[in-house]
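Data block for upload19.txt (compact mmCIF, N, CA and C atoms):
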```
# COMPACT_ATOMS: atom_id res chain seq x y z
N MET O 242 119.84 97.08 92.04
CA MET O 242 119.69 96.94 93.47
C MET O 242 118.44 97.71 93.91
N ASP O 243 117.74 97.14 94.81
CA ASP O 243 116.52 97.76 95.32
C ASP O 243 116.87 98.97 96.18
N ARG O 244 116.16 100.05 95.99
CA ARG O 244 116.47 101.28 96.72
C ARG O 244 115.71 101.38 98.05
N THR O 245 114.85 100.42 98.32
CA THR O 245 114.07 100.46 99.55
C THR O 245 114.99 100.12 100.72
N SER O 246 115.01 100.99 101.71
CA SER O 246 115.83 100.73 102.88
C SER O 246 115.20 99.63 103.72
N THR O 247 115.97 99.11 104.62
CA THR O 247 115.49 98.04 105.48
C THR O 247 114.31 98.50 106.32
N ARG O 248 114.39 99.71 106.84
CA ARG O 248 113.31 100.24 107.68
C ARG O 248 112.03 100.42 106.87
N ALA O 249 112.16 100.95 105.67
CA ALA O 249 110.99 101.13 104.81
C ALA O 249 110.41 99.79 104.40
N TRP O 250 111.27 98.83 104.11
CA TRP O 250 110.81 97.50 103.73
C TRP O 250 110.02 96.86 104.86
N ARG O 251 110.52 97.00 106.11
CA ARG O 251 109.81 96.45 107.27
C ARG O 251 108.46 97.13 107.45
N ARG O 252 108.40 98.43 107.22
CA ARG O 252 107.14 99.15 107.35
C ARG O 252 106.13 98.67 106.30
N ILE O 253 106.60 98.45 105.08
CA ILE O 253 105.74 97.95 104.01
C ILE O 253 105.22 96.56 104.35
N GLN O 254 106.11 95.70 104.86
CA GLN O 254 105.70 94.34 105.22
C GLN O 254 104.71 94.35 106.38
N LYS O 255 104.90 95.26 107.33
CA LYS O 255 103.98 95.37 108.47
C LYS O 255 102.58 95.74 108.00
N LYS O 256 102.51 96.68 107.06
CA LYS O 256 101.21 97.07 106.51
C LYS O 256 100.58 95.93 105.73
N ARG O 257 101.40 95.17 104.98
CA ARG O 257 100.90 94.04 104.21
C ARG O 257 100.32 92.96 105.12
N VAL O 258 101.02 92.66 106.21
CA VAL O 258 100.55 91.65 107.16
C VAL O 258 99.26 92.11 107.81
N TRP O 259 99.18 93.40 108.18
CA TRP O 259 97.97 93.93 108.81
C TRP O 259 96.78 93.84 107.85
N ARG O 260 97.01 94.17 106.58
CA ARG O 260 95.95 94.05 105.58
C ARG O 260 95.46 92.61 105.47
N ASN O 261 96.40 91.68 105.47
CA ASN O 261 96.02 90.28 105.37
C ASN O 261 95.24 89.82 106.59
N HIS O 262 95.62 90.29 107.77
CA HIS O 262 94.87 89.96 108.98
C HIS O 262 93.43 90.47 108.87
N LEU O 263 93.27 91.71 108.41
CA LEU O 263 91.93 92.28 108.30
C LEU O 263 91.10 91.54 107.26
N ARG O 264 91.72 91.15 106.17
CA ARG O 264 90.99 90.38 105.15
C ARG O 264 90.55 89.03 105.72
N THR O 265 91.43 88.39 106.48
CA THR O 265 91.09 87.10 107.09
C THR O 265 89.95 87.26 108.07
N ILE O 266 89.99 88.29 108.90
CA ILE O 266 88.91 88.54 109.86
C ILE O 266 87.61 88.78 109.12
N PHE O 267 87.66 89.55 108.06
CA PHE O 267 86.45 89.86 107.32
C PHE O 267 85.86 88.62 106.68
N ARG O 268 86.72 87.74 106.14
CA ARG O 268 86.23 86.51 105.53
C ARG O 268 85.72 85.53 106.57
N ALA O 269 86.39 85.46 107.72
CA ALA O 269 85.99 84.50 108.75
C ALA O 269 84.69 84.92 109.43
N PHE O 270 84.56 86.18 109.72
CA PHE O 270 83.38 86.70 110.39
C PHE O 270 82.66 87.61 109.41
N ALA O 271 81.91 87.03 108.49
CA ALA O 271 81.28 87.78 107.41
C ALA O 271 80.46 88.97 107.92
N PRO O 272 79.57 88.80 108.90
CA PRO O 272 78.86 89.98 109.37
C PRO O 272 79.62 90.67 110.50
N VAL O 273 80.78 91.20 110.19
CA VAL O 273 81.55 91.92 111.20
C VAL O 273 80.90 93.27 111.43
N TYR O 274 80.73 93.62 112.69
CA TYR O 274 80.06 94.86 113.01
C TYR O 274 81.06 95.95 113.34
N VAL O 275 80.77 97.13 112.86
CA VAL O 275 81.61 98.30 113.09
C VAL O 275 80.86 99.20 114.05
N GLU O 276 81.50 99.53 115.17
CA GLU O 276 80.88 100.42 116.15
C GLU O 276 81.45 101.82 116.00
N PHE O 277 80.61 102.79 116.16
CA PHE O 277 81.05 104.18 116.16
C PHE O 277 80.83 104.73 117.56
N GLY O 278 81.89 104.72 118.35
CA GLY O 278 81.79 105.19 119.72
C GLY O 278 81.30 104.07 120.63
N PRO O 279 81.39 104.29 121.96
CA PRO O 279 80.98 103.24 122.89
C PRO O 279 79.47 102.97 122.87
N HIS O 280 78.67 103.99 122.62
CA HIS O 280 77.22 103.81 122.60
C HIS O 280 76.63 104.14 121.24
N GLY O 281 77.49 104.20 120.24
CA GLY O 281 77.04 104.56 118.90
C GLY O 281 76.36 103.40 118.19
N PRO O 282 75.83 103.69 117.03
CA PRO O 282 75.14 102.63 116.27
C PRO O 282 76.12 101.61 115.71
N LYS O 283 75.65 100.39 115.57
CA LYS O 283 76.47 99.34 114.97
C LYS O 283 75.96 99.08 113.57
N GLN O 284 76.90 98.90 112.66
CA GLN O 284 76.51 98.58 111.29
C GLN O 284 77.41 97.49 110.77
N GLU O 285 76.96 96.79 109.75
CA GLU O 285 77.73 95.70 109.17
C GLU O 285 78.77 96.27 108.21
N ALA O 286 79.98 95.71 108.29
CA ALA O 286 81.05 96.17 107.41
C ALA O 286 80.82 95.63 106.01
N ALA O 287 80.82 96.50 105.03
CA ALA O 287 80.60 96.08 103.64
C ALA O 287 81.88 95.51 103.03
N THR O 288 83.02 96.10 103.36
CA THR O 288 84.30 95.61 102.85
C THR O 288 85.29 95.52 104.00
N TRP O 289 86.41 94.86 103.74
CA TRP O 289 87.42 94.71 104.77
C TRP O 289 88.10 96.05 105.07
N LYS O 290 88.01 97.00 104.15
CA LYS O 290 88.66 98.30 104.34
C LYS O 290 88.03 99.11 105.47
N GLU O 291 86.76 98.84 105.76
CA GLU O 291 86.10 99.55 106.86
C GLU O 291 86.66 99.12 108.22
N LEU O 292 87.27 97.96 108.28
CA LEU O 292 87.83 97.48 109.54
C LEU O 292 89.09 98.23 109.95
N ARG O 293 89.69 98.97 109.02
CA ARG O 293 90.89 99.74 109.36
C ARG O 293 90.61 100.81 110.38
N LYS O 294 89.37 101.31 110.43
CA LYS O 294 89.02 102.40 111.33
C LYS O 294 88.53 101.91 112.69
N VAL O 295 88.21 100.63 112.80
CA VAL O 295 87.62 100.08 114.01
C VAL O 295 88.69 99.93 115.08
N LYS O 296 88.33 100.29 116.31
CA LYS O 296 89.30 100.30 117.40
C LYS O 296 89.81 98.90 117.74
N TRP O 297 88.93 97.90 117.76
CA TRP O 297 89.36 96.57 118.17
C TRP O 297 90.25 95.90 117.14
N CYS O 298 90.28 96.40 115.91
CA CYS O 298 91.17 95.83 114.89
C CYS O 298 92.56 96.45 114.93
N GLN O 299 92.75 97.48 115.71
CA GLN O 299 94.07 98.12 115.79
C GLN O 299 95.09 97.22 116.46
N ALA O 300 94.62 96.26 117.27
CA ALA O 300 95.56 95.35 117.93
C ALA O 300 96.31 94.51 116.91
N TYR O 301 95.70 94.24 115.76
CA TYR O 301 96.36 93.46 114.73
C TYR O 301 97.45 94.24 114.01
N ARG O 302 97.52 95.54 114.23
CA ARG O 302 98.52 96.35 113.55
C ARG O 302 99.91 96.09 114.12
N THR O 303 100.01 95.88 115.43
CA THR O 303 101.32 95.74 116.06
C THR O 303 101.63 94.32 116.52
N THR O 304 100.63 93.45 116.58
CA THR O 304 100.88 92.10 117.06
C THR O 304 100.32 91.08 116.07
N GLY O 305 100.92 89.92 116.06
CA GLY O 305 100.41 88.85 115.22
C GLY O 305 99.13 88.27 115.79
N LYS O 306 99.11 88.13 117.12
CA LYS O 306 97.95 87.61 117.81
C LYS O 306 97.60 88.59 118.92
N PRO O 307 96.41 89.18 118.90
CA PRO O 307 96.07 90.16 119.93
C PRO O 307 95.82 89.54 121.29
N CYS O 308 95.46 88.26 121.34
CA CYS O 308 95.24 87.62 122.63
C CYS O 308 95.63 86.15 122.52
N SER O 309 95.52 85.42 123.60
CA SER O 309 95.95 84.03 123.59
C SER O 309 94.77 83.06 123.57
N CYS O 310 93.61 83.52 123.17
CA CYS O 310 92.47 82.62 123.10
C CYS O 310 92.65 81.63 121.95
N GLU O 311 91.85 80.57 121.95
CA GLU O 311 91.98 79.53 120.93
C GLU O 311 91.68 80.06 119.53
N MET O 312 90.74 80.99 119.44
CA MET O 312 90.36 81.50 118.13
C MET O 312 91.48 82.33 117.51
N CYS O 313 92.16 83.14 118.31
CA CYS O 313 93.24 83.99 117.77
C CYS O 313 94.53 83.21 117.57
N SER O 314 94.83 82.29 118.46
CA SER O 314 96.10 81.58 118.35
C SER O 314 96.02 80.38 117.42
N GLY O 315 94.84 79.85 117.20
CA GLY O 315 94.70 78.71 116.31
C GLY O 315 95.08 77.42 117.00
N GLU O 316 94.65 76.33 116.44
CA GLU O 316 94.96 75.03 117.03
C GLU O 316 96.37 74.64 116.65
N ARG O 317 97.13 74.18 117.62
CA ARG O 317 98.51 73.78 117.37
C ARG O 317 98.56 72.28 117.15
N TYR O 318 99.34 71.89 116.21
CA TYR O 318 99.48 70.47 115.87
C TYR O 318 100.48 69.83 116.83
N ASN O 319 100.05 68.78 117.48
CA ASN O 319 100.90 68.07 118.41
C ASN O 319 101.09 66.65 117.89
N ARG O 320 102.27 66.32 117.46
CA ARG O 320 102.55 65.01 116.86
C ARG O 320 102.35 63.88 117.86
N LEU O 321 102.77 64.08 119.11
CA LEU O 321 102.67 63.03 120.12
C LEU O 321 101.21 62.66 120.39
N ASN O 322 100.35 63.65 120.55
CA ASN O 322 98.92 63.37 120.76
C ASN O 322 98.31 62.69 119.54
N PHE O 323 98.74 63.09 118.36
CA PHE O 323 98.23 62.48 117.14
C PHE O 323 98.60 60.99 117.09
N LYS O 324 99.84 60.67 117.47
CA LYS O 324 100.28 59.28 117.49
C LYS O 324 99.47 58.47 118.50
N ARG O 325 99.24 59.04 119.69
CA ARG O 325 98.47 58.34 120.71
C ARG O 325 97.04 58.08 120.24
N ASP O 326 96.43 59.09 119.67
CA ASP O 326 95.05 58.93 119.20
C ASP O 326 94.97 57.90 118.08
N THR O 327 95.93 57.91 117.18
CA THR O 327 95.93 56.95 116.08
C THR O 327 96.14 55.53 116.60
N LYS O 328 97.07 55.38 117.53
CA LYS O 328 97.32 54.06 118.11
C LYS O 328 96.08 53.54 118.83
N ARG O 329 95.40 54.41 119.57
CA ARG O 329 94.18 54.02 120.28
C ARG O 329 93.07 53.63 119.29
N ASP O 330 92.92 54.39 118.22
CA ASP O 330 91.90 54.07 117.21
C ASP O 330 92.17 52.73 116.54
N ILE O 331 93.44 52.46 116.23
CA ILE O 331 93.79 51.18 115.59
C ILE O 331 93.52 50.03 116.55
N ARG O 332 93.89 50.21 117.82
CA ARG O 332 93.66 49.17 118.81
C ARG O 332 92.17 48.88 118.98
N GLU O 333 91.35 49.94 119.03
CA GLU O 333 89.90 49.76 119.16
C GLU O 333 89.32 49.05 117.94
N GLN O 334 89.81 49.35 116.76
CA GLN O 334 89.31 48.70 115.56
C GLN O 334 89.70 47.22 115.51
N LEU O 335 90.90 46.90 116.00
CA LEU O 335 91.33 45.51 116.02
C LEU O 335 90.56 44.68 117.05
N GLU O 336 90.21 45.32 118.16
CA GLU O 336 89.47 44.62 119.22
C GLU O 336 88.03 44.34 118.83
N SER O 337 87.45 45.20 118.05
CA SER O 337 86.04 45.00 117.69
C SER O 337 85.83 44.16 116.45
```
Encoded form using structure tokens:
Amino acid sequence: MDRTSTRAWRRIQKKRVWRNHLRTIFRAFAPVYVEFGPHGPKQEAATWKELRKVKWCQAYRTTGKPCSCEMCSGERYNRLNFKRDTKRDIREQLES
């Protein structure tokens, strides 16, 4: 039997998810800039581990999506719109 308590397991999973978010951000935005202070110098992050110290990446620690913009929330698949678009495309192809 695993000796990890439920609380410890949740904490481990939370850290794992946060690491994955940071890796995804680093891969998606290759030249991610790290700021030191509000007026400090900006430098390019060499690895995803440098993003752990950045203030704007802390939002990913407690939430899955820090905001509701299209980039953070991702595009949602809507079956009804897909059916309408497909039906319209087929109709246009048959007419021409």
- [ ] Can you pull out every residue within 7 Å of region 294-304 of chain O, counting only C-alpha atoms, but drop anything in the same chain fewer than 3 positions away, and send it as a ChimeraX atom specification?
- [x] /O:259,262,275,291,307
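For the pair atom C of Arg260 (chain O) and CA of Trp289 (chain O), the interatomic distance is 8.3 Å.
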Open item on the list: Quick one: residues within 12 Å of Asn261 (chain O), only C-alpha atoms, excluding same-chain residues fewer than 4 positions away - as a PyMOL selection string?
Closed with: chain O and resi 254-257+265-268+289-290+292-293+301-302+305
Using N, CA and C atoms, can you export the residues from the last selection as a PDB file, keeping the file's coordinate frame?
```pdb
ATOM      1  N   GLN O 254     106.110  95.700 104.860  1.00  0.00           N
ATOM      2  CA  GLN O 254     105.700  94.340 105.220  1.00  0.00           C
ATOM      3  C   GLN O 254     104.710  94.350 106.380  1.00  0.00           C
ATOM      4  N   LYS O 255     104.900  95.260 107.330  1.00  0.00           N
ATOM      5  CA  LYS O 255     103.980  95.370 108.470  1.00  0.00           C
ATOM      6  C   LYS O 255     102.580  95.740 108.000  1.00  0.00           C
ATOM      7  N   LYS O 256     102.510  96.680 107.060  1.00  0.00           N
ATOM      8  CA  LYS O 256     101.210  97.070 106.510  1.00  0.00           C
ATOM      9  C   LYS O 256     100.580  95.930 105.730  1.00  0.00           C
ATOM     10  N   ARG O 257     101.400  95.170 104.980  1.00  0.00           N
ATOM     11  CA  ARG O 257     100.900  94.040 104.210  1.00  0.00           C
ATOM     12  C   ARG O 257     100.320  92.960 105.120  1.00  0.00           C
ATOM     13  N   THR O 265      91.430  88.390 106.480  1.00  0.00           N
ATOM     14  CA  THR O 265      91.090  87.100 107.090  1.00  0.00           C
ATOM     15  C   THR O 265      89.950  87.260 108.070  1.00  0.00           C
ATOM     16  N   ILE O 266      89.990  88.290 108.900  1.00  0.00           N
ATOM     17  CA  ILE O 266      88.910  88.540 109.860  1.00  0.00           C
ATOM     18  C   ILE O 266      87.610  88.780 109.120  1.00  0.00           C
ATOM     19  N   PHE O 267      87.660  89.550 108.060  1.00  0.00           N
ATOM     20  CA  PHE O 267      86.450  89.860 107.320  1.00  0.00           C
ATOM     21  C   PHE O 267      85.860  88.620 106.680  1.00  0.00           C
ATOM     22  N   ARG O 268      86.720  87.740 106.140  1.00  0.00           N
ATOM     23  CA  ARG O 268      86.230  86.510 105.530  1.00  0.00           C
ATOM     24  C   ARG O 268      85.720  85.530 106.570  1.00  0.00           C
ATOM     25  N   TRP O 289      86.410  94.860 103.740  1.00  0.00           N
ATOM     26  CA  TRP O 289      87.420  94.710 104.770  1.00  0.00           C
ATOM     27  C   TRP O 289      88.100  96.050 105.070  1.00  0.00           C
ATOM     28  N   LYS O 290      88.010  97.000 104.150  1.00  0.00           N
ATOM     29  CA  LYS O 290      88.660  98.300 104.340  1.00  0.00           C
ATOM     30  C   LYS O 290      88.030  99.110 105.470  1.00  0.00           C
ATOM     31  N   LEU O 292      87.270  97.960 108.280  1.00  0.00           N
ATOM     32  CA  LEU O 292      87.830  97.480 109.540  1.00  0.00           C
ATOM     33  C   LEU O 292      89.090  98.230 109.950  1.00  0.00           C
ATOM     34  N   ARG O 293      89.690  98.970 109.020  1.00  0.00           N
ATOM     35  CA  ARG O 293      90.890  99.740 109.360  1.00  0.00           C
ATOM     36  C   ARG O 293      90.610 100.810 110.380  1.00  0.00           C
ATOM     37  N   TYR O 301      95.700  94.240 115.760  1.00  0.00           N
ATOM     38  CA  TYR O 301      96.360  93.460 114.730  1.00  0.00           C
ATOM     39  C   TYR O 301      97.450  94.240 114.010  1.00  0.00           C
ATOM     40  N   ARG O 302      97.520  95.540 114.230  1.00  0.00           N
ATOM     41  CA  ARG O 302      98.520  96.350 113.550  1.00  0.00           C
ATOM     42  C   ARG O 302      99.910  96.090 114.120  1.00  0.00           C
ATOM     43  N   GLY O 305     100.920  89.920 116.060  1.00  0.00           N
ATOM     44  CA  GLY O 305     100.410  88.850 115.220  1.00  0.00           C
ATOM     45  C   GLY O 305      99.130  88.270 115.790  1.00  0.00           C
TER      46      GLY O 305
END
```
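CA of Pro272 (chain O) to CA of Thr288 (chain O) spans 10.2 Å [interatomic distance, one decimal].
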